[in-house]
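Raw contents of model_2.txt, compact mmCIF, C-alpha atoms:
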```
# COMPACT_ATOMS: atom_id res chain seq x y z
CA MET A 1 256.32 376.56 -25.29
CA SER A 2 255.94 379.39 -22.77
CA SER A 3 253.68 381.43 -24.97
CA LEU A 4 249.93 381.49 -25.20
CA LYS A 5 247.99 381.96 -28.41
CA ILE A 6 244.26 381.94 -27.91
CA SER A 7 241.58 382.59 -30.50
CA ILE A 8 238.71 384.59 -29.10
CA LEU A 9 235.58 385.36 -31.08
CA VAL A 10 235.00 389.08 -31.05
CA PHE A 11 231.89 390.63 -32.51
CA PHE A 12 231.80 393.97 -34.28
CA LEU A 13 230.05 395.69 -31.42
CA THR A 14 232.26 394.32 -28.66
CA PHE A 15 233.36 397.73 -27.45
CA PRO A 16 231.47 400.85 -26.46
CA ILE A 17 231.63 403.65 -28.98
CA CYS A 18 234.22 406.29 -28.09
CA PHE A 19 234.28 409.46 -30.15
CA CYS A 20 237.38 411.41 -31.11
CA TYR A 21 235.88 414.73 -32.13
CA ALA A 22 237.45 416.81 -34.85
CA GLN A 23 236.31 420.05 -33.24
CA THR A 24 238.25 421.70 -30.45
CA GLU A 25 237.42 420.50 -26.97
CA SER A 26 236.42 423.95 -25.85
CA GLY A 27 233.66 423.78 -28.45
CA ASN A 28 232.21 420.62 -26.94
CA GLU A 29 230.03 421.48 -23.98
CA ASN A 30 230.21 417.88 -22.74
CA SER A 31 234.01 417.89 -22.61
CA ASP A 32 235.88 417.14 -19.39
CA GLU A 33 238.46 419.78 -20.30
CA PRO A 34 237.17 422.41 -17.79
CA LYS A 35 237.49 419.89 -14.93
CA ILE A 36 240.97 418.96 -16.06
CA LEU A 37 242.23 422.51 -16.54
CA LYS A 38 241.14 423.61 -13.05
CA ASP A 39 243.39 420.89 -11.60
CA ILE A 40 246.48 421.77 -13.67
CA LYS A 41 249.65 421.97 -11.58
CA SER A 42 252.58 424.15 -12.66
CA PHE A 43 256.28 423.31 -12.35
CA ASN A 44 259.62 425.02 -12.55
CA TYR A 45 261.30 423.76 -15.71
CA ILE A 46 265.10 423.95 -15.94
CA GLU A 47 266.73 423.90 -19.37
CA ALA A 48 269.65 421.66 -18.42
CA ASN A 49 272.53 420.93 -20.76
CA ALA A 50 271.39 417.38 -21.54
CA LYS A 51 272.87 415.33 -24.36
CA THR A 52 270.79 414.04 -27.28
CA LEU A 53 271.23 410.31 -27.92
CA LYS A 54 270.15 408.81 -31.20
CA ILE A 55 268.26 405.54 -31.01
CA PRO A 56 270.21 403.15 -33.27
CA LYS A 57 268.71 402.20 -36.61
CA ARG A 58 266.97 398.85 -36.19
CA LYS A 59 267.61 395.83 -38.38
CA TYR A 60 264.87 393.67 -36.86
CA ASP A 61 261.38 394.30 -35.57
CA SER A 62 261.03 393.70 -31.85
CA PRO A 63 259.04 390.94 -30.09
CA PHE A 64 259.64 392.73 -26.77
CA PHE A 65 256.30 394.49 -26.42
CA CYS A 66 257.17 395.39 -22.86
CA ASP A 67 254.45 395.64 -20.23
CA GLU A 68 256.65 395.27 -17.18
CA LEU A 69 260.29 394.97 -16.15
CA ILE A 70 260.72 392.73 -13.11
CA GLU A 71 264.02 392.94 -11.22
CA TYR A 72 265.59 389.57 -10.45
CA LYS A 73 269.19 388.72 -9.52
CA ASN A 74 271.55 390.19 -12.13
CA GLY A 75 268.91 391.32 -14.56
CA PHE A 76 265.31 391.90 -15.49
CA ILE A 77 262.41 389.72 -16.54
CA VAL A 78 260.55 391.31 -19.46
CA ASN A 79 256.82 390.62 -19.32
CA SER A 80 255.42 390.89 -22.85
CA ILE A 81 251.71 390.59 -23.63
CA THR A 82 250.27 391.36 -27.04
CA SER A 83 246.90 391.08 -28.73
CA SER A 84 245.98 391.52 -32.37
CA ARG A 85 242.79 391.30 -34.36
CA ALA A 86 242.30 389.52 -37.68
CA GLY A 87 238.71 390.06 -38.77
CA ARG A 88 236.59 388.66 -35.95
CA GLN A 89 239.45 386.71 -34.41
CA VAL A 90 241.83 388.01 -31.75
CA ASP A 91 245.26 386.48 -31.18
CA PHE A 92 246.47 386.94 -27.61
CA THR A 93 250.08 386.11 -26.79
CA THR A 94 252.22 386.13 -23.64
CA ASN A 95 256.01 385.85 -23.53
CA PHE A 96 258.58 386.28 -20.80
CA PHE A 97 262.25 387.04 -21.44
CA TYR A 98 265.28 387.52 -19.19
CA TYR A 99 267.96 390.14 -19.77
CA ASN A 100 271.18 389.50 -17.84
CA THR A 101 273.00 392.78 -17.20
CA SER A 102 276.27 390.95 -16.50
CA ASP A 103 276.76 389.08 -19.77
CA LYS A 104 274.23 391.14 -21.81
CA SER A 105 272.39 387.98 -22.87
CA ILE A 106 268.67 387.67 -23.59
CA ARG A 107 266.82 384.40 -23.10
CA LYS A 108 263.22 383.37 -23.55
CA ILE A 109 261.78 381.91 -20.34
CA GLU A 110 259.89 378.65 -20.06
CA ILE A 111 258.65 376.76 -16.99
CA PHE A 112 258.96 372.99 -17.43
CA LYS A 113 257.56 373.22 -20.94
CA SER A 114 254.21 374.71 -19.92
CA ASP A 115 251.76 375.87 -22.57
CA THR A 116 251.16 379.25 -20.95
CA ILE A 117 252.96 381.43 -18.44
CA GLU A 118 250.43 383.90 -17.07
CA SER A 119 252.41 385.64 -14.36
CA VAL A 120 255.91 385.78 -12.84
CA ILE A 121 256.74 387.88 -9.79
CA SER A 122 259.81 388.07 -7.56
CA SER A 123 259.92 388.14 -3.76
CA ASN A 124 262.81 387.44 -1.37
CA ASN A 125 264.99 385.79 -4.03
CA ALA A 126 262.13 383.52 -5.06
CA LEU A 127 260.03 383.65 -8.21
CA TYR A 128 256.31 382.94 -7.99
CA TYR A 129 254.47 381.90 -11.12
CA SER A 130 251.06 381.06 -12.55
CA LEU A 131 250.97 378.77 -15.59
CA ILE A 132 248.84 376.37 -17.60
CA LYS A 133 250.09 372.99 -18.75
CA ASN A 134 247.93 370.40 -20.47
CA GLY A 135 244.80 372.32 -19.50
CA LYS A 136 245.70 372.43 -15.79
CA ARG A 137 246.75 375.55 -13.93
CA ASP A 138 249.56 375.51 -11.41
CA ILE A 139 250.63 378.27 -9.02
CA GLY A 140 253.93 377.91 -7.23
CA PHE A 141 257.42 379.24 -6.74
CA VAL A 142 260.99 378.39 -7.62
CA LYS A 143 263.82 379.00 -5.18
CA GLY A 144 267.30 377.54 -5.27
CA ASN A 145 266.54 375.84 -8.59
CA GLN A 146 263.68 373.89 -7.00
CA TYR A 147 260.00 374.13 -7.95
CA GLN A 148 257.25 373.98 -5.34
CA SER A 149 253.52 374.12 -6.06
CA VAL A 150 251.44 376.06 -3.54
CA LEU A 151 248.13 374.56 -4.69
CA GLU A 152 248.73 371.37 -2.72
CA ASN A 153 247.19 372.97 0.38
CA ALA A 154 244.24 374.50 -1.48
CA SER A 155 240.71 373.22 -0.94
CA SER A 156 239.01 371.27 -3.71
CA ASP A 157 236.78 374.29 -4.45
CA ILE A 158 239.77 376.61 -4.89
CA ARG A 159 241.62 374.08 -7.04
CA LYS A 160 238.52 373.59 -9.20
CA HIS A 161 238.21 377.35 -9.65
CA PHE A 162 241.82 377.67 -10.77
CA ASP A 163 241.37 374.85 -13.27
CA THR A 164 238.31 376.47 -14.84
CA THR A 165 238.86 380.23 -14.62
CA LYS A 166 239.96 382.15 -17.73
CA TRP A 167 243.07 383.63 -16.17
CA ALA A 168 244.99 384.18 -12.93
CA LYS A 169 247.40 387.03 -12.17
CA LEU A 170 249.71 387.38 -9.17
CA GLY A 171 250.63 390.13 -6.74
CA ILE A 172 252.89 390.28 -3.67
CA GLU A 173 252.61 392.31 -0.48
CA GLY A 174 255.07 391.45 2.27
CA GLU A 175 254.90 387.72 2.87
CA LYS A 176 251.50 387.37 1.23
CA LEU A 177 250.81 386.10 -2.28
CA PHE A 178 247.63 387.41 -3.91
CA VAL A 179 245.97 385.74 -6.90
CA LEU A 180 243.34 387.58 -8.93
CA SER A 181 240.90 385.86 -11.28
CA PRO A 182 237.87 387.33 -13.11
CA ASN A 183 235.64 386.33 -10.18
CA PHE A 184 237.72 385.98 -7.02
CA LEU A 185 240.67 387.34 -5.11
CA PHE A 186 242.66 384.79 -3.12
CA GLU A 187 245.45 385.09 -0.59
CA PHE A 188 248.15 382.52 0.12
CA SER A 189 250.12 383.01 3.33
CA ASN A 190 251.45 380.82 6.14
CA HIS A 191 251.01 377.78 3.87
CA SER A 192 247.24 378.23 3.61
CA TRP A 193 244.70 379.65 1.14
CA LYS A 194 241.71 381.85 1.71
CA SER A 195 239.22 383.68 -0.48
CA LEU A 196 239.20 387.42 0.24
CA THR A 197 236.39 388.64 -1.98
CA SER A 198 234.19 387.65 -4.91
CA TYR A 199 233.09 389.84 -7.82
CA SER A 200 232.28 389.59 -11.52
CA LEU A 201 234.50 391.37 -13.98
CA ASP A 202 232.22 390.31 -16.85
CA ASP A 203 229.24 391.99 -15.18
CA PHE A 204 231.30 395.10 -14.57
CA TYR A 205 232.18 395.49 -18.25
CA VAL A 206 228.64 394.85 -19.46
CA ASN A 207 226.50 396.49 -16.77
CA LYS A 208 228.75 399.30 -15.49
CA LEU A 209 230.95 400.25 -18.42
CA LYS A 210 228.16 399.35 -20.91
CA TYR A 211 230.32 397.23 -23.21
CA ARG A 212 228.35 394.96 -25.53
CA ARG A 213 230.67 392.09 -24.60
CA SER A 214 233.05 391.65 -21.70
CA ILE A 215 236.71 392.12 -22.58
CA SER A 216 237.94 390.52 -19.37
CA MET A 217 241.42 389.23 -20.10
CA LEU A 218 244.72 388.53 -18.39
CA PRO A 219 246.03 391.77 -16.80
CA THR A 220 249.07 393.14 -18.58
CA LYS A 221 251.29 393.33 -15.51
CA ASN A 222 251.24 391.93 -12.00
CA VAL A 223 248.53 393.31 -9.77
CA VAL A 224 249.38 395.95 -7.17
CA ILE A 225 248.02 395.83 -3.63
CA LYS A 226 247.53 399.22 -2.01
CA ASN A 227 245.13 400.75 0.51
CA SER A 228 243.00 397.57 0.83
CA SER A 229 242.51 397.48 -2.93
CA ILE A 230 243.87 395.64 -5.95
CA TYR A 231 244.95 397.74 -8.94
CA PHE A 232 245.30 396.09 -12.34
CA LEU A 233 245.55 396.92 -16.04
CA GLN A 234 243.58 395.22 -18.80
CA GLU A 235 244.69 395.78 -22.38
CA ILE A 236 242.19 397.16 -24.85
CA VAL A 237 242.60 394.74 -27.73
CA GLN A 238 245.38 395.70 -30.17
CA ASP A 239 245.67 399.23 -28.77
CA ARG A 240 248.37 398.31 -26.19
CA SER A 241 246.82 400.92 -23.90
CA CYS A 242 244.59 399.74 -21.07
CA ASN A 243 241.79 400.18 -18.62
CA LEU A 244 242.96 400.75 -15.04
CA LEU A 245 240.63 399.03 -12.60
CA LYS A 246 240.53 399.00 -8.79
CA LEU A 247 238.98 396.15 -6.82
CA ASN A 248 238.03 396.90 -3.22
CA ILE A 249 239.14 393.91 -1.16
CA ASP A 250 236.60 394.52 1.61
CA ASN A 251 233.41 394.70 -0.46
CA GLY A 252 234.24 393.47 -3.98
CA ASN A 253 233.35 396.76 -5.66
CA ILE A 254 235.22 397.69 -8.87
CA ASP A 255 236.05 401.19 -10.04
CA ASN A 256 237.25 402.36 -13.42
CA TYR A 257 239.97 404.99 -13.06
CA PHE A 258 238.47 407.68 -15.28
CA THR A 259 234.95 407.17 -13.92
CA SER A 260 236.29 407.57 -10.39
CA LEU A 261 237.63 411.00 -11.41
CA ASP A 262 234.30 411.88 -13.04
CA TYR A 263 236.04 412.09 -16.43
CA THR A 264 233.12 410.68 -18.38
CA ASP A 265 232.97 412.49 -21.71
CA ASN A 266 233.11 410.61 -25.02
CA TYR A 267 236.75 411.31 -25.74
CA LEU A 268 238.82 408.15 -25.98
CA LYS A 269 240.68 407.74 -22.67
CA GLN A 270 243.22 404.99 -22.04
CA ILE A 271 245.98 404.13 -19.58
CA ASN A 272 249.66 403.59 -20.37
CA ASP A 273 251.02 402.88 -16.89
CA PHE A 274 250.65 403.74 -13.21
CA THR A 275 252.85 403.87 -10.12
CA PHE A 276 252.42 404.68 -6.44
CA LEU A 277 254.65 407.38 -4.96
CA ASP A 278 256.15 407.53 -1.50
CA ASP A 279 253.42 409.88 -0.25
CA ASN A 280 250.86 407.13 -1.10
CA SER A 281 249.55 409.06 -4.10
CA LEU A 282 248.77 407.39 -7.42
CA LEU A 283 250.51 408.71 -10.54
CA VAL A 284 248.88 407.66 -13.82
CA SER A 285 250.15 408.14 -17.36
CA ALA A 286 247.17 408.21 -19.70
CA SER A 287 246.06 409.32 -23.13
CA ARG A 288 242.99 411.38 -23.96
CA LEU A 289 242.38 411.51 -27.67
CA ILE A 290 244.88 409.55 -29.75
CA GLY A 291 248.45 410.60 -29.04
CA SER A 292 247.54 413.20 -26.42
CA GLN A 293 249.24 412.26 -23.15
CA MET A 294 248.23 413.21 -19.62
CA LEU A 295 249.94 412.71 -16.26
CA ILE A 296 247.58 412.69 -13.28
CA ASN A 297 248.42 412.49 -9.58
CA THR A 298 245.70 411.64 -7.04
CA ILE A 299 245.57 411.10 -3.31
CA GLY A 300 242.21 410.79 -1.59
CA ASN A 301 239.92 413.33 -3.25
CA GLU A 302 242.77 415.58 -4.36
CA VAL A 303 243.57 415.62 -8.09
CA ASP A 304 246.62 417.28 -9.65
CA VAL A 305 246.99 417.18 -13.42
CA TRP A 306 250.73 417.36 -14.01
CA ALA A 307 250.54 417.26 -17.80
CA PHE A 308 247.76 417.75 -20.36
CA ASN A 309 247.79 417.47 -24.15
CA ASN A 310 251.43 416.30 -24.13
CA SER A 311 252.58 419.40 -22.21
CA PHE A 312 253.62 420.53 -18.74
CA THR A 313 252.78 424.05 -17.62
CA THR A 314 255.62 426.12 -16.17
CA SER A 315 255.26 428.58 -13.30
CA ASN A 316 255.23 431.47 -15.81
CA GLY A 317 252.48 429.85 -17.91
CA ALA A 318 254.65 428.48 -20.72
CA LYS A 319 254.01 425.02 -22.18
CA ILE A 320 256.77 422.39 -22.35
CA GLU A 321 256.11 419.48 -24.69
CA LEU A 322 256.71 416.25 -22.78
CA PRO A 323 254.48 413.22 -23.51
CA VAL A 324 255.28 411.06 -20.46
CA THR A 325 254.23 407.42 -20.83
CA THR A 326 255.74 405.85 -17.69
CA THR A 327 257.46 406.90 -14.46
CA LEU A 328 260.11 405.42 -12.18
CA ASN A 329 259.81 406.23 -8.48
CA LEU A 330 263.22 406.67 -6.86
CA GLY A 331 261.88 408.03 -3.58
CA ASP A 332 262.67 411.73 -3.36
CA THR A 333 263.00 411.93 -7.15
CA LEU A 334 261.11 410.60 -10.16
CA ILE A 335 262.30 409.64 -13.62
CA LEU A 336 259.73 410.69 -16.22
CA ALA A 337 260.13 408.60 -19.38
CA SER A 338 259.02 409.79 -22.79
CA ASN A 339 259.92 409.14 -26.41
CA LYS A 340 261.56 412.57 -26.14
CA GLY A 341 263.97 411.38 -23.43
CA LEU A 342 264.33 410.96 -19.67
CA PHE A 343 263.49 413.81 -17.31
CA LEU A 344 264.17 414.22 -13.60
CA LYS A 345 261.49 415.52 -11.23
CA TYR A 346 262.31 416.58 -7.69
CA ASN A 347 260.32 418.89 -5.46
CA ASN A 348 258.54 421.15 -7.95
CA ILE A 349 261.33 421.05 -10.52
CA ILE A 350 261.55 419.17 -13.82
CA LYS A 351 264.69 419.05 -15.92
CA PRO A 352 265.94 416.87 -18.81
CA ILE A 353 268.75 414.40 -18.18
CA VAL A 354 268.90 412.97 -21.72
CA TYR A 355 267.06 413.55 -24.99
CA PHE A 356 266.16 410.86 -27.54
CA ASP A 357 266.23 411.16 -31.30
CA ASN A 358 265.13 408.71 -34.02
CA TYR A 359 262.37 407.16 -31.89
CA HIS A 360 260.23 406.68 -35.01
CA GLN A 361 261.81 404.40 -37.62
CA SER A 362 261.03 402.30 -40.65
CA ILE A 363 262.33 398.74 -40.61
CA LYS A 364 262.86 396.90 -43.86
CA GLU A 365 261.87 393.25 -43.49
CA LYS A 366 261.00 390.43 -45.89
CA ILE A 367 257.29 391.17 -45.56
CA GLY A 368 257.81 394.84 -46.35
CA ILE A 369 258.40 398.12 -44.54
CA LEU A 370 257.39 398.14 -40.87
CA ASP A 371 256.74 401.21 -38.73
CA PHE A 372 258.56 401.22 -35.39
CA ASN A 373 257.69 403.65 -32.61
CA PHE A 374 259.54 403.69 -29.31
CA ASP A 375 257.16 404.69 -26.52
CA PRO A 376 258.46 403.77 -23.03
CA ARG A 377 256.20 401.44 -21.03
CA SER A 378 258.54 400.52 -18.17
CA VAL A 379 261.81 401.99 -16.87
CA LYS A 380 264.13 400.64 -14.17
CA LYS A 381 267.44 401.72 -12.69
CA ILE A 382 270.38 399.35 -13.25
CA SER A 383 272.94 401.44 -11.37
CA ASP A 384 273.81 405.10 -10.87
CA ASN A 385 273.08 406.94 -14.13
CA ILE A 386 272.25 403.72 -16.01
CA PHE A 387 268.65 402.79 -16.87
CA ILE A 388 266.85 400.10 -18.84
CA ILE A 389 263.72 401.06 -20.76
CA GLY A 390 261.13 398.79 -22.39
CA GLY A 391 258.80 400.11 -25.09
CA MET A 392 255.12 399.29 -25.39
CA TRP A 393 255.52 398.71 -29.14
CA GLY A 394 258.87 396.97 -28.74
CA GLY A 395 262.36 398.18 -28.11
CA LEU A 396 264.57 397.39 -25.10
CA TYR A 397 267.30 399.96 -24.48
CA GLN A 398 270.02 400.62 -21.94
CA VAL A 399 270.85 404.28 -21.34
CA ASP A 400 274.14 405.33 -19.75
CA ILE A 401 273.67 409.00 -18.85
CA LEU A 402 277.22 409.65 -17.62
CA ASN A 403 278.90 408.20 -20.71
CA SER A 404 276.24 409.45 -23.14
CA LYS A 405 275.61 405.97 -24.50
CA LEU A 406 272.38 404.35 -25.69
CA THR A 407 272.46 400.63 -26.46
CA CYS A 408 269.74 398.63 -28.19
CA LEU A 409 269.38 395.23 -26.48
CA ASP A 410 266.69 393.58 -28.57
CA ASP A 411 267.70 394.22 -32.20
CA ILE A 412 268.27 390.51 -32.71
CA ASP A 413 266.86 387.66 -34.77
CA TYR A 414 263.95 386.39 -32.68
CA GLU A 415 264.36 382.85 -34.02
CA LYS A 416 267.87 382.70 -32.57
CA ILE A 417 266.92 383.61 -28.99
CA LYS A 418 267.82 380.74 -26.70
CA ILE A 419 265.40 379.30 -24.15
CA VAL A 420 266.10 379.10 -20.43
CA ASP A 421 264.02 377.45 -17.72
CA LEU A 422 262.87 379.74 -14.92
CA SER A 423 264.77 377.61 -12.39
CA GLU A 424 268.05 378.30 -14.19
CA LEU A 425 267.98 382.09 -13.91
```
Show me, as structure tokens, the structure contained in the file I just sent.
Amino acid sequence: MSSLKISILVFFLTFPICFCYAQTESGNENSDEPKILKDIKSFNYIEANAKTLKIPKRKYDSPFFCDELIEYKNGFIVNSITSSRAGRQVDFTTNFFYYNTSDKSIRKIEIFKSDTIESVISSNNALYYSLIKNGKRDIGFVKGNQYQSVLENASSDIRKHFDTTKWAKLGIEGEKLFVLSPNFLFEFSNHSWKSLTSYSLDDFYVNKLKYRRSISMLPTKNVVIKNSSIYFLQEIVQDRSCNLLKLNIDNGNIDNYFTSLDYTDNYLKQINDFTFLDDNSLLVSASRLIGSQMLINTIGNEVDVWAFNNSFTTSNGAKIELPVTTTLNLGDTLILASNKGLFLKYNNIIKPIVYFDNYHQSIKEKIGILDFNFDPRSVKKISDNIFIIGGMWGGLYQVDILNSKLTCLDDIDYEKIKIVDLSEL
């Protein structure tokens, strides 16, 4: 099987206590709200004549808890990582699926019947992977239907580390493959391995973030290399939202995103997604208090808060409700994705291109009534005016703006999904 199910003992006091106060933030003198409000950026909002598309009524719950959409050939690899708690036990599962835009098929991916697929990433028509089979980790690539391990040239110390470390996640920059573990960052290039830096993620959680236990776990999506640093997301168990961490390649220092902004009050703060823009700035979709979305853009020491408390501020001071949970960078324009719809941002202008309806549903299954919420986690462009969107709580949809059509791709019987080997994509 290409899925991982690990039982992890979690104690009651695993996590630091985060308070969600009932009082207004302005009444809490320790609130970060004054810092946030001084960095609010205003936009020109255009009320465009956008269509409203109704999300089809679902028959099945969705196993596609999307963390990342990875473009490959005629489709997209859906990276799905979930965690759930049952008493003191936590079930942690990874799955990878492939959606073919040509024949509209969905297949579950396996790699020569491995027990666990940790990471898949595309580069130059090749797919790199990290997996575990029979207790051994392998890192390699498949190209032209042929598998090739890249651990053959690794030293015995590096191979031993990969066989014993809890997890390994991949990243690509140019011709270089990066592999992150909880204690090391490695680079593979020109057929050779080298260790770039060492650190301890467990120590960071316990000594810096003051968690009672480390929650170091497999990052939700492939790591991003930018400005001599590694950026990665770690899911907060069962919440689906994450911590965003930055590892400095030169010195091994780790930063937590909110701490780096000096947002340190006791309000629950979590990350949905992040992306780098063409001006080298970092755009982060986050939540502060349950269900209260923010959109923050940073470059160097400059901070612009694009959205706060689910709203953008217009140039005349009005508030526009728009809880953005992920963003697609198209260069001179951005697609802002929300359960309310898709919105276009260019220059200092934001306008809707399509609205969504019926994003909260009840699904009748054998076990009872299930709540379904569609909150975008990843969005990619298929072609002009056609997008694919994956939801953090499930839901994989194709949106055709020009023809005003919204198609559900994953409302299928999970047991009937066929399996395909990675080499056959």
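As for CA of Leu69 (chain A) and CA of Ile369 (chain A), they are spaced 28.6 Å apart.
Non-sequential neighbours of Leu180 (chain A) (distance at most 7 Å, separation of 2 or more positions within a chain, only C-alpha atoms) are Ala168, Lys169, Leu170, Phe178, Pro182, Phe184, Leu185 and Phe186 of chain A.
Nearest-residue note for Phe312 (chain A): choosing from A:Lys35, A:Lys166, A:Lys41, A:Lys246, the minimum distance belongs to A:Lys41, counting only C-alpha atoms.
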Can you tell me, as a PyMOL selection string, what residues are no more than 7 Å from Phe372 (chain A) when counting only C-alpha atoms, ignoring any on the same chain fewer than 4 positions away? chain A and resi 360-363
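With all atoms listed in the file as the basis for measurement, A:Ile388 is the residue among A:Ile388, A:Phe308, A:Ser281, A:Ser423 that approaches Asp410 (chain A) most closely.
Going from CA of Ser119 (chain A) to CA of Asn79 (chain A) covers 8.3 Å.
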